[in-house]
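Shown next: input_31.txt, containing compact mmCIF, C-alpha atoms and all ligand atoms.
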```
# COMPACT_ATOMS: atom_id res chain seq x y z
CA MET A 1 -11.56 28.16 15.40
CA THR A 2 -13.99 26.95 12.71
CA PRO A 3 -14.34 23.17 12.59
CA PRO A 4 -13.02 21.40 9.45
CA PRO A 5 -15.65 20.87 6.71
CA THR A 6 -17.40 17.52 6.51
CA VAL A 7 -18.79 17.51 2.95
CA LEU A 8 -17.01 18.19 -0.33
CA GLU A 9 -19.11 18.43 -3.47
CA ALA A 10 -18.06 18.89 -7.06
CA ASP A 11 -20.62 19.52 -9.78
CA GLY A 12 -21.19 21.29 -13.05
CA ILE A 13 -17.76 20.16 -14.27
CA TRP A 14 -17.49 20.49 -18.05
CA LEU A 15 -14.26 19.52 -19.76
CA GLN A 16 -13.40 18.87 -23.39
CA PHE A 17 -10.21 18.22 -25.34
CA GLY A 18 -10.19 19.31 -28.98
CA GLY A 19 -13.97 19.30 -29.15
CA ARG A 20 -14.22 15.86 -27.53
CA LYS A 21 -16.43 16.02 -24.46
CA ILE A 22 -14.79 14.28 -21.49
CA LEU A 23 -16.78 15.52 -18.51
CA GLN A 24 -20.33 16.83 -18.79
CA SER A 25 -21.94 18.21 -15.69
CA VAL A 26 -20.28 15.67 -13.44
CA TYR A 27 -21.36 15.38 -9.81
CA VAL A 28 -19.49 13.72 -6.93
CA ARG A 29 -19.87 14.04 -3.18
CA LEU A 30 -17.41 13.16 -0.42
CA GLN A 31 -18.20 13.03 3.26
CA VAL A 32 -15.88 12.75 6.23
CA GLY A 33 -16.26 9.24 7.64
CA ARG A 34 -17.13 7.76 4.25
CA ILE A 35 -15.27 6.21 1.32
CA THR A 36 -16.59 7.03 -2.13
CA GLY A 37 -15.57 4.81 -5.03
CA LEU A 38 -15.11 6.04 -8.60
CA LEU A 39 -15.12 3.51 -11.43
CA GLY A 40 -15.18 3.81 -15.19
CA ARG A 41 -13.62 2.47 -18.37
CA ASN A 42 -10.07 3.31 -19.44
CA GLY A 43 -9.92 6.82 -20.81
CA CYS A 44 -13.39 7.87 -19.59
CA GLY A 45 -11.99 10.80 -17.60
CA LYS A 46 -11.50 9.67 -13.99
CA SER A 47 -8.01 11.17 -13.67
CA ALA A 48 -9.19 14.32 -15.43
CA LEU A 49 -12.02 14.59 -12.90
CA LEU A 50 -9.65 14.31 -9.92
CA LYS A 51 -7.31 16.91 -11.45
CA SER A 52 -10.29 19.19 -12.08
CA ILE A 53 -11.43 18.95 -8.47
CA MET A 54 -7.89 19.87 -7.40
CA GLY A 55 -7.93 22.91 -9.69
CA LEU A 56 -5.08 21.44 -11.75
CA MET A 57 -6.99 21.15 -15.01
CA PRO A 58 -8.58 24.13 -16.77
CA THR A 59 -12.27 23.27 -17.19
CA GLU A 60 -15.02 25.21 -18.95
CA THR A 61 -17.11 25.36 -15.81
CA GLN A 62 -16.95 23.75 -12.41
CA SER A 63 -18.08 24.20 -8.86
CA VAL A 64 -16.22 22.60 -5.97
CA ARG A 65 -17.63 23.35 -2.54
CA ALA A 66 -16.63 22.44 1.02
CA ASP A 67 -19.67 22.63 3.31
CA GLY A 68 -21.22 24.88 0.66
CA HIS A 69 -18.24 27.28 0.41
CA TYR A 70 -16.68 27.63 -3.02
CA VAL A 71 -13.16 26.17 -3.33
CA GLU A 72 -11.16 27.71 -6.14
CA LYS A 73 -7.67 26.18 -6.03
CA ALA A 74 -7.83 23.07 -3.90
CA TYR A 75 -4.16 22.34 -4.61
CA GLN A 76 -3.30 25.42 -2.54
CA GLN A 77 -5.24 24.10 0.48
CA PRO A 78 -3.46 20.99 1.77
CA GLY A 79 -5.36 21.12 5.07
CA LEU A 80 -8.58 20.78 3.10
CA ILE A 81 -7.69 18.26 0.44
CA ARG A 82 -4.77 16.08 -0.65
CA TYR A 83 -4.38 14.25 -3.93
CA LEU A 84 -2.51 11.12 -5.00
CA PRO A 85 -1.87 11.43 -8.75
CA GLN A 86 -0.99 8.46 -10.96
CA HIS A 87 2.54 9.72 -11.51
CA PRO A 88 5.36 10.05 -8.93
CA PHE A 89 5.32 13.48 -7.32
CA VAL A 90 7.88 13.50 -4.52
CA PRO A 91 11.26 15.06 -5.42
CA PRO A 92 13.73 12.14 -5.75
CA ASP A 93 16.43 13.87 -3.68
CA LEU A 94 14.28 14.01 -0.53
CA THR A 95 14.80 11.30 2.04
CA VAL A 96 11.76 9.29 3.10
CA ARG A 97 11.91 10.98 6.51
CA ALA A 98 12.02 14.46 4.93
CA ALA A 99 9.12 13.61 2.61
CA PHE A 100 6.95 12.64 5.59
CA ALA A 101 8.04 15.79 7.46
CA TRP A 102 7.06 17.82 4.34
CA TYR A 103 3.56 16.34 4.69
CA GLY A 104 3.48 17.09 8.43
CA ILE A 105 3.91 13.44 9.47
CA SER A 106 6.59 11.94 11.72
CA VAL A 107 8.09 8.89 10.00
CA ASP A 108 8.25 7.25 13.45
CA GLU A 109 4.47 6.73 13.18
CA LEU A 110 5.20 4.05 10.57
CA ALA A 111 7.60 1.96 12.64
CA ASP A 112 5.04 -0.69 13.68
CA GLU A 113 2.57 -0.55 10.81
CA TYR A 114 4.95 -0.18 7.85
CA PRO A 115 8.37 -1.38 9.12
CA THR A 116 9.82 -1.68 5.60
CA ILE A 117 9.10 1.94 4.72
CA TYR A 118 10.36 2.95 8.15
CA SER A 119 13.61 1.05 7.53
CA PHE A 120 14.12 3.19 4.40
CA ARG A 121 13.71 6.47 6.32
CA HIS A 122 17.25 7.66 5.59
CA GLN A 123 17.08 6.63 1.90
CA LYS A 124 16.42 9.10 -0.86
CA ILE A 125 13.04 8.67 -2.56
CA GLY A 126 14.77 8.27 -5.92
CA ARG A 127 16.55 5.14 -4.65
CA LEU A 128 13.31 3.28 -3.78
CA SER A 129 11.75 0.66 -6.05
CA GLY A 130 8.58 1.56 -7.97
CA GLY A 131 6.36 -0.22 -5.42
CA GLU A 132 8.19 1.22 -2.40
CA LYS A 133 7.90 4.72 -3.85
CA ARG A 134 4.20 4.25 -4.58
CA LEU A 135 3.53 2.98 -1.07
CA THR A 136 5.45 5.94 0.41
CA GLU A 137 3.41 8.39 -1.66
CA ILE A 138 0.10 6.72 -0.75
CA LEU A 139 0.97 6.97 2.95
CA LEU A 140 2.02 10.63 2.63
CA VAL A 141 -1.38 11.50 1.23
CA LEU A 142 -3.49 9.16 3.36
CA LYS A 143 -1.89 10.00 6.70
CA SER A 144 -1.66 13.75 6.15
CA ASP A 145 -3.96 15.98 8.17
CA ALA A 146 -6.47 16.77 5.40
CA ALA A 147 -10.25 16.63 5.58
CA PHE A 148 -10.53 15.04 2.10
CA VAL A 149 -8.28 12.76 0.08
CA LEU A 150 -8.43 11.87 -3.62
CA LEU A 151 -6.67 8.63 -4.58
CA ASP A 152 -5.98 7.94 -8.25
CA GLU A 153 -5.15 4.23 -8.74
CA PRO A 154 -3.45 3.72 -5.37
CA PHE A 155 -3.10 -0.04 -5.89
CA SER A 156 -1.02 0.09 -9.05
CA HIS A 157 2.58 -1.15 -8.48
CA LEU A 158 1.71 -2.72 -5.13
CA MET A 159 2.04 -6.41 -4.31
CA PRO A 160 -1.03 -8.16 -2.84
CA LEU A 161 0.22 -7.94 0.75
CA GLN A 162 0.73 -4.20 0.45
CA ILE A 163 -2.70 -3.79 -1.16
CA GLU A 164 -4.23 -5.48 1.90
CA GLN A 165 -2.32 -3.14 4.21
CA VAL A 166 -3.29 -0.04 2.26
CA LEU A 167 -6.95 -1.14 2.29
CA GLN A 168 -6.73 -1.28 6.06
CA THR A 169 -5.10 2.15 6.26
CA ILE A 170 -7.76 3.64 3.97
CA ARG A 171 -10.42 2.18 6.27
CA GLN A 172 -8.71 3.59 9.38
CA GLU A 173 -8.13 7.04 7.88
CA SER A 174 -11.71 7.27 6.63
CA ALA A 175 -12.83 7.67 10.26
CA GLN A 176 -11.57 11.28 10.10
CA LYS A 177 -11.48 11.92 6.34
CA GLY A 178 -13.70 11.84 3.27
CA ILE A 179 -11.92 9.64 0.72
CA LEU A 180 -12.43 9.33 -3.04
CA LEU A 181 -10.99 6.08 -4.35
CA SER A 182 -10.51 5.50 -8.07
CA ASP A 183 -8.95 2.20 -9.11
CA HIS A 184 -9.56 -0.68 -11.50
CA LEU A 185 -9.39 -3.23 -8.66
CA TYR A 186 -13.17 -2.98 -8.62
CA ARG A 187 -13.67 -5.76 -6.09
CA GLN A 188 -11.59 -3.88 -3.50
CA VAL A 189 -13.26 -0.59 -4.42
CA LEU A 190 -16.74 -2.10 -4.00
CA ASP A 191 -15.85 -3.80 -0.70
CA LEU A 192 -14.40 -0.63 0.77
CA SER A 193 -16.79 2.02 -0.51
CA ASP A 194 -19.92 3.35 1.16
CA ALA A 195 -21.06 4.76 -2.20
CA VAL A 196 -19.80 4.15 -5.75
CA PHE A 197 -20.00 6.52 -8.71
CA TYR A 198 -19.54 5.29 -12.27
CA LEU A 199 -18.23 7.76 -14.83
CA ASN A 200 -19.83 6.81 -18.12
CA ALA A 201 -18.53 7.36 -21.64
CA GLY A 202 -20.77 10.40 -21.97
CA GLY A 203 -18.85 12.06 -19.14
CA ARG A 204 -21.57 11.87 -16.50
CA THR A 205 -21.48 10.20 -13.11
CA ILE A 206 -24.07 7.63 -12.09
CA LEU A 207 -24.49 6.72 -8.43
CA LEU A 208 -24.69 2.91 -8.44
CA ASP A 209 -27.57 1.46 -6.43
CA SER A 210 -26.70 -2.19 -7.07
CA PRO A 211 -22.99 -1.96 -7.93
CA GLU A 212 -22.23 -5.56 -9.06
CA GLN A 213 -25.24 -5.76 -11.35
CA ASN A 214 -24.90 -2.14 -12.53
CA LEU A 215 -21.26 -2.72 -13.53
CA LYS A 216 -22.24 -5.77 -15.60
CA ASP A 217 -25.10 -3.89 -17.24
CA LEU A 218 -22.75 -0.99 -18.02
CA GLY A 219 -20.28 -3.35 -19.72
CA TYR A 220 -17.50 -2.61 -17.21
CA MET A 221 -17.15 -6.31 -16.35
CA HIS A 222 -18.64 -9.72 -17.19
N1 LIG B 301 -3.99 17.07 -21.48
C1 LIG B 301 -4.74 16.35 -22.30
N2 LIG B 301 -4.91 16.72 -23.60
C2 LIG B 301 -5.72 16.02 -24.44
N3 LIG B 301 -6.38 14.91 -24.07
C3 LIG B 301 -6.24 14.48 -22.79
C4 LIG B 301 -5.42 15.17 -21.85
N4 LIG B 301 -5.49 14.53 -20.67
C5 LIG B 301 -6.31 13.47 -20.86
N5 LIG B 301 -6.76 13.44 -22.13
C6 LIG B 301 -7.73 12.50 -22.70
O1 LIG B 301 -8.89 12.54 -21.90
C7 LIG B 301 -9.43 11.23 -21.74
C8 LIG B 301 -9.60 10.94 -20.27
O2 LIG B 301 -8.32 10.68 -19.71
P1 LIG B 301 -8.13 10.22 -18.20
O3 LIG B 301 -6.67 10.03 -17.98
O4 LIG B 301 -8.85 11.15 -17.31
O5 LIG B 301 -8.88 8.79 -18.21
P2 LIG B 301 -9.04 7.72 -17.04
O6 LIG B 301 -10.49 7.45 -16.89
O7 LIG B 301 -8.31 8.16 -15.83
O8 LIG B 301 -8.33 6.46 -17.71
P3 LIG B 301 -7.57 5.19 -17.10
O9 LIG B 301 -8.59 4.35 -16.40
O10 LIG B 301 -7.06 4.51 -18.32
O11 LIG B 301 -6.47 5.70 -16.21
C9 LIG B 301 -8.52 10.28 -22.48
O12 LIG B 301 -9.10 10.01 -23.74
C10 LIG B 301 -7.23 11.03 -22.61
O13 LIG B 301 -6.55 10.65 -23.77
```
Using structure tokens, write down the structure from this file.
Amino acid sequence: MTPPPTVLEADGIWLQFGGRKILQSVYVRLQVGRITGLLGRNGCGKSALLKSIMGLMPTETQSVRADGHYVEKAYQQPGLIRYLPQHPFVPPDLTVRAAFAWYGISVDELADEYPTIYSFRHQKIGRLSGGEKRLTEILLVLKSDAAFVLLDEPFSHLMPLQIEQVLQTIRQESAQKGILLSDHLYRQVLDLSDAVFYLNAGGRTILLDSPEQNLKDLGYMH
């Protein structure tokens, strides 16, 4: 059996909407065992980039490679890569237990770590609150058996205590996964990430060498 890949690279991604250039020759790199942050202003194209990597957005050109092998439709390869979009994606009629089973996870794994979600195991997803649903979806993606995980604004809808817990789970899961984390909670992203890319208004990624200072210079924060 071939071992799972350890590096995922995306480059040469060009995307425009109605003549407006969103992504221009973007480059990002994920590595198993590392967390890679992705920051950028509202509307700069972070979500579009994640969708492009997944093969869910028609781009002009792009190259996504796992250990150098071309990946065409990442969304068809859940063992390779999983994606948390900004919008809810689990069918509302599934129970929490069934949703975890769908992702190859036993809900019993959550009993100690996430007792509230575990207590909802017989509930339908559609009956959960916004935050409970978001937390369920984050855990589905994070705890699934994928080599790489893309997280688009995982902290939205979560209360501070849950954010702390999810940060810890991201850290734990990164031991066996390469994780791309895009969120506006920049402090948490900086603390957690081994490397941080900034997507600038011109649609190019910059690898930050001094993140705090770079982000001020780039006008992302004061
Ligand atoms: N399907 C689409 N058709 C036309 N324009 C789109 C489409 N999807 C996204 N856009 C535009 O592309 C730009 C990038 O959007 P995207 O959602 O990727 O930004 P973002 O960096 O994730 O923003 P935010 O931080 O606010 O979530 C925006 O200007 C958006 O309006």
Can I get the residues of range 55-156 of chain A within 8 Å of range 171-185 of chain A, each with the closest pair of atoms and their distance in Å to one decimal, using all atoms listed in the file, sorted chain first then ascending number, as CSV?
```
residue,atom,partner,partner_atom,distance
A:Leu142,CA,A:Glu173,CA,6.8
A:Lys143,CA,A:Glu173,CA,7.0
A:Ala146,CA,A:Lys177,CA,7.0
A:Ala147,CA,A:Lys177,CA,4.9
A:Phe148,CA,A:Gly178,CA,4.7
A:Val149,CA,A:Ile179,CA,4.8
A:Leu150,CA,A:Leu180,CA,4.8
A:Leu151,CA,A:Leu181,CA,5.0
A:Asp152,CA,A:Ser182,CA,5.1
A:Glu153,CA,A:Asp183,CA,4.3
A:Pro154,CA,A:Asp183,CA,6.8
A:Phe155,CA,A:Asp183,CA,7.0
```
Might I get the box with edges along x, y and z of the file that holds all atoms of ligand LIG 301 (chain B) listed there, padded by 8 Å on every side, given as centre and edge lengths in Å to one decimal, as AutoDock Vina command-line options?
```
--center_x -7.2 --center_y 10.7 --center_z -20.1 --size_x 22.5 --size_y 28.7 --size_z 24.6
```
Quiz item: With only C-alpha atoms and all ligand atoms as the basis for distance, which of A:Gly45, A:Pro92, A:Pro4, A:Gly203 is at the shortest distance from ligand LIG 301 (chain B)?
Solution: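 Of the candidates, the smallest distance to ligand LIG 301 (chain B) is held by A:Gly45.
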Practice problem: Extract, using only C-alpha atoms, all DNA, RNA and protein residues at most 12 Å from range 196-200 of chain A, discarding same-chain residues fewer than 5 positions from it, and format them as a ChimeraX atom specification. | Solution: /A:21-30,34-50,179-184,186-191,205-212,214-220
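For the pair CA of Trp102 in chain A and CA of Leu128 in chain A, the interatomic distance is 17.8 Å.
With distances restricted to all atoms listed in the file, A:Ala201 is the closest residue to ligand LIG 301 (chain B) from A:Ile138, A:Val90, A:Ala201, A:Ala66.
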Practice problem: Calculate how many Å separate atom C3 of ligand LIG 301 (chain B) from CA of Glu72 in chain A, rounding to one decimal. | Solution: 21.8 Å
